Amino acid sequence: MNYRIERIDRLHFSAAVREHHFECRVAPWDDATQRLKRFEVLSEPTADFASHRDGFGNQVHRSALLGAHDALAVRVRADVETLLPNPFDFEPVAPAREGAWIADSLRQAPRLWDFVLYRSALTPVLTPATATELLGEGDCWPGPGEQVPMLERIQQALQWIGDRFEHDPAQREPAQTLAEVVGRDACHAADLAHLAIAIVRAWGMPARFAAGYVDADCFESDDDPPRTSEPLPQTLHYWMEALVPGAGWRGFDAARGLLADDSYVRLAVGRDRHDVRGFRHSYKGDGEYAGVETEIDVQRLD
Amino acid sequence: MRMSTNQFQSFTGQFQSMRGPTQTPAGPGRGAGQSMAFHEFYRDDFRPREHYLPMWEHIQRTGQHLLGDKAREAHLTLHTEGVTFTVYSNQDEGIERVWPFDILPRIITAGEWAHIEAGLKQRIRALNLFLKDLYHGQRILKDGVIPAQLIYNGKDFRREIMDIDAPHDIYTHISGVDLIRDEDGRYLVLEDNLRTPSGVSYMIENRVVERRILPEFFARYRVRRVEHYPALLLQALRHLSPRGKDRANIVVLTPGIYNSAYFEHTFLAKEMGVELAEGRDLVCKNDKVYLKTTHGLERVDVVYRRVDDDFLDPLVFRADSVLGVAGVINAWRAGNVALVNAPGAGIADDKAVYAYVPEIIRYYLGESPILQNVPTYQMTNPEDRAYVLDNLERMVVKAVAESGGYGMLMGPSSTTAQRAEFARKIEDDPRNYIAQPVVQLSRHICYLDGELESRHLDLRPFIIYGDGIDVVPGGLTRVAMTKGSLVVNSSQGGGSKDTWVLAD
């Protein structure tokens, strides 16, 4: 499918700042699952942009405003063609060989270890003890299972999450820790993605955090209805990607209980949400950062 | 006045009593053995080694009281010259101390030095190839020579700099490699310091003071120079300039006066004739680094940074850092500035990676290591861990990313409570610790409080990698000033000696 994405981020400061350096991860990926056909980034005040890829493969645009300013607007326009209509369309690996497939992938691409080993407050080590502590006596995280294809295991984990946690698209602030996530009545999409990542990493499988856009209106009539019936607002969305034997990276949207297909546009991936922040900046001056307002418009062109 | 016979006997008696055997623990796959500290000065028959004879004869002729005068003069010189270091503890007593210096030099023969020099050059070549590989293709991990988990769990592995090409593929422009001598007198590498190793200014000041107060010693030896270190360093830094060595504008970036090595930062900037800057003095613009001056911005080509990776660039590393320069990593990425040492070099001196350096040398160079490591137990290895936990009182346990003697357990002198604390730390985070059997560091005579006493010591030679690799002939000999102690770090009360490398 083809999408046009227009986005404006307006950063505000309480007073003038200067020597303001910033990096943004606002360019959709260009890879086998989506093609970036056009991309523009502009700022107000005007600044020149340079770009590079970070260690996770994200496109980073960077710039600086040395003079005094108390606001910065970054405007992005991107045309993207998504190329994964059916995430189940791959040659599966026999369950008995999946472990070897993963091990081989890690050997060939050691960078994947980041998505197995990394632990943080958002993606901590999950043990029976933490399950008792966080979920209560008798409850536990989904285990790796045996002789069950990994894709199925992850889907079961998503089901487990869906049965216990509610996604609220109106929830604006993601949690700071997984303990906070499990205590929430309504979760942010990022919260549920982190929970899914922690579960899958506990199985020794590579899992990464993904940020991007989703076209909430593109379900075909014969699809299962999405878990959340209300339309998603035009906002950033977050999901988990896991390395599925035989398929490679596949997106799993714990907020909606779905596999990511061509209605998902990937912007950035990382170990957790801190790696995929849209903006990172540093500045001098008396002003304090007062937040960012983001407007997103995702239009299907087909 | 000559040293009296009684004095001499008393000293040699003490020497004998300190040579009592201590056990080196047997680990899994590592045999047991008795250990006695090698004495740098004395042979086994308690006569001075041949290369110390001229010095010893001179001391005998002139007498010990003269050494006392010289020691006081040395202390006064260091005090008036402002040669100090900073300690972070005992702050109620002030944090600045006069550099502790023992006037009797350590002497290394030309033959010994040739071996050390070849070993260090080999090691630095291999470690730079390793760093380039780690931040690019990761061939060594793919080939399973080093477990990828070890790297990816290392806190000094900087994934933020993946795929950035360091100028000339050099990551460790300045290295300080700590060497010790085992019971047989073999030089072993105790640890590599590849981030912002300090001590070189003290190496030079020791020599300046020594030349001033003991000119008669120098008359008896052909000692190789170390005072040209700043010139060598400047030459190497110029070589790195992206605009060519003739247009190299260089700054030393310091965290400021509260840093323990601030003396060294000012010393090196002054000696090289370059600007000493703090982060606020620099600014990045269009991926270039500039120094703010009274006549405008001046392009900077080389930043010899003495600021840790974490604080170097708030845009990339710690966002709350006020010590660094926002945008400097991107300027480096764009090839517009050289950063010395390169960010990310710290993973190669991670103490858990250290154990693999012999394999790293074989892998990249196809050579056998010239200098051996101290045997090291990996706490991520269950067998090693169990053994170490059962023998903590005979181990030195080190946190893998710490330096300066911090985060360390010295088993033989530890308390039960300290061992229990370290056992808990190891169990909680095995990747963060390694252990080594206690190696009896070699000893040397020191003139302390009017007496000649033996103390343990190590050696930190400095290696400069610019247009070729230069090992400065000498280094900082660090001395454990407390009797029997094996802790030589200045931050932990250690002292120093001048190190003489003899010409052929």
# chains A, B, ... in the order shown; residues from 1 in each chain; ligands from 1
>>> closest_atom_pairs(of="chain A", to="chain B", cutoff="6 Å", atoms="only C-alpha atoms", output="CSV")
residue,atom,partner,partner_atom,distance
A:Gly55,CA,B:Met162,CA,5.2
A:Arg107,CA,B:Lys142,CA,5.3
A:Gln108,CA,B:Lys142,CA,5.8
A:His281,CA,B:Leu315,CA,5.7
A:Ser282,CA,B:Leu315,CA,5.6
>>> residues_around(residues="stretch 131-140 of chain A", least_positions_apart="3", cutoff="10 Å", atoms="only C-alpha atoms", output="PyMOL selection string")
chain A and resi 126-128+143+164+178-183
>>> write_last_selection(atoms="N, CA and C atoms", output="PDB file, in the first residue's frame")
ATOM      1  N   LEU A 126      12.535 -11.511  33.270  1.00  0.00           N
ATOM      2  CA  LEU A 126      11.278 -12.061  33.787  1.00  0.00           C
ATOM      3  C   LEU A 126      11.538 -13.453  34.354  1.00  0.00           C
ATOM      4  N   THR A 127      11.191 -13.607  35.590  1.00  0.00           N
ATOM      5  CA  THR A 127      11.396 -14.895  36.260  1.00  0.00           C
ATOM      6  C   THR A 127      10.092 -15.259  36.974  1.00  0.00           C
ATOM      7  N   PRO A 128       9.975 -16.486  37.426  1.00  0.00           N
ATOM      8  CA  PRO A 128       8.790 -16.827  38.238  1.00  0.00           C
ATOM      9  C   PRO A 128       8.681 -15.908  39.465  1.00  0.00           C
ATOM     10  N   GLY A 143       5.568 -19.030  29.123  1.00  0.00           N
ATOM     11  CA  GLY A 143       6.882 -19.639  28.937  1.00  0.00           C
ATOM     12  C   GLY A 143       7.147 -19.924  27.472  1.00  0.00           C
ATOM     13  N   ARG A 164      -5.160  -9.806  29.832  1.00  0.00           N
ATOM     14  CA  ARG A 164      -4.887  -9.213  31.158  1.00  0.00           C
ATOM     15  C   ARG A 164      -4.779  -7.692  31.147  1.00  0.00           C
ATOM     16  N   LEU A 178       8.326  -1.658  33.918  1.00  0.00           N
ATOM     17  CA  LEU A 178       7.360  -2.719  33.656  1.00  0.00           C
ATOM     18  C   LEU A 178       6.430  -2.913  34.858  1.00  0.00           C
ATOM     19  N   ALA A 179       6.957  -2.672  36.046  1.00  0.00           N
ATOM     20  CA  ALA A 179       6.124  -2.781  37.241  1.00  0.00           C
ATOM     21  C   ALA A 179       4.962  -1.787  37.147  1.00  0.00           C
ATOM     22  N   GLU A 180       5.252  -0.621  36.607  1.00  0.00           N
ATOM     23  CA  GLU A 180       4.203   0.380  36.442  1.00  0.00           C
ATOM     24  C   GLU A 180       3.191  -0.092  35.393  1.00  0.00           C
ATOM     25  N   VAL A 181       3.685  -0.749  34.366  1.00  0.00           N
ATOM     26  CA  VAL A 181       2.801  -1.242  33.304  1.00  0.00           C
ATOM     27  C   VAL A 181       1.770  -2.206  33.881  1.00  0.00           C
ATOM     28  N   VAL A 182       2.247  -3.184  34.662  1.00  0.00           N
ATOM     29  CA  VAL A 182       1.305  -4.202  35.135  1.00  0.00           C
ATOM     30  C   VAL A 182       0.331  -3.642  36.165  1.00  0.00           C
ATOM     31  N   GLY A 183       0.659  -2.475  36.718  1.00  0.00           N
ATOM     32  CA  GLY A 183      -0.264  -1.871  37.664  1.00  0.00           C
ATOM     33  C   GLY A 183      -1.262  -0.923  37.019  1.00  0.00           C
TER      34      GLY A 183
END
>>> select_by_dssp(residues="stretch 17-202 of chain A", states="alpha helix (DSSP H)", output="PyMOL selection string")
chain A and resi 95-108+114-117+128-135+150-164+178-182+189-202
>>> atom_distance(atom1="atom CA of B:Ile180", atom2="atom CA of B:Arg207")
20.8 Å
>>> residues_around(residues="B:Tyr187", least_positions_apart="2", cutoff="12 Å", atoms="only C-alpha atoms", output="PyMOL selection string")
chain B and resi 38+40+108+112-117+119-120+177-185+189-190+370-374+439+441-442+458-460
>>> closest_residue(among="A:Val93, A:Ala202, A:Met240, A:Ala64", to="B:Lys288", atoms="only C-alpha atoms")
A:Ala64
>>> residues_around(residues="A:Arg266", least_positions_apart="2", cutoff="8 Å", atoms="only C-alpha atoms", output="list in words")
Pro28, Trp29, Ala210, Ala211, Gly212, Tyr213, Tyr264, Ala268 and Val269 of chain A
>>> write_last_selection(atoms="N, CA and C atoms", output="mmCIF file, in the first residue's frame")
data_model
loop_
_atom_site.group_PDB
_atom_site.id
_atom_site.type_symbol
_atom_site.label_atom_id
_atom_site.label_comp_id
_atom_site.auth_asym_id
_atom_site.auth_seq_id
_atom_site.Cartn_x
_atom_site.Cartn_y
_atom_site.Cartn_z
ATOM 1 N N PRO A 28 10.821 7.164 7.625
ATOM 2 C CA PRO A 28 10.454 5.751 7.576
ATOM 3 C C PRO A 28 11.599 4.912 7.016
ATOM 4 N N TRP A 29 11.643 3.669 7.433
ATOM 5 C CA TRP A 29 12.674 2.741 6.948
ATOM 6 C C TRP A 29 12.507 2.502 5.454
ATOM 7 N N ALA A 210 9.556 -1.241 18.191
ATOM 8 C CA ALA A 210 9.381 -0.515 16.928
ATOM 9 C C ALA A 210 8.408 0.644 17.119
ATOM 10 N N ALA A 211 8.730 1.743 16.475
ATOM 11 C CA ALA A 211 7.842 2.905 16.481
ATOM 12 C C ALA A 211 7.476 3.213 15.039
ATOM 13 N N GLY A 212 6.246 3.688 14.839
ATOM 14 C CA GLY A 212 5.855 4.040 13.481
ATOM 15 C C GLY A 212 4.404 4.479 13.420
ATOM 16 N N TYR A 213 3.851 4.265 12.276
ATOM 17 C CA TYR A 213 2.468 4.680 12.044
ATOM 18 C C TYR A 213 1.657 3.455 11.681
ATOM 19 N N TYR A 264 1.184 -1.093 8.492
ATOM 20 C CA TYR A 264 2.128 -0.545 9.471
ATOM 21 C C TYR A 264 3.332 0.059 8.731
ATOM 22 N N ALA A 268 11.324 3.573 13.339
ATOM 23 C CA ALA A 268 12.580 3.343 14.056
ATOM 24 C C ALA A 268 12.453 2.116 14.930
ATOM 25 N N VAL A 269 13.583 1.459 15.134
ATOM 26 C CA VAL A 269 13.615 0.298 16.031
ATOM 27 C C VAL A 269 14.735 0.487 17.047
#
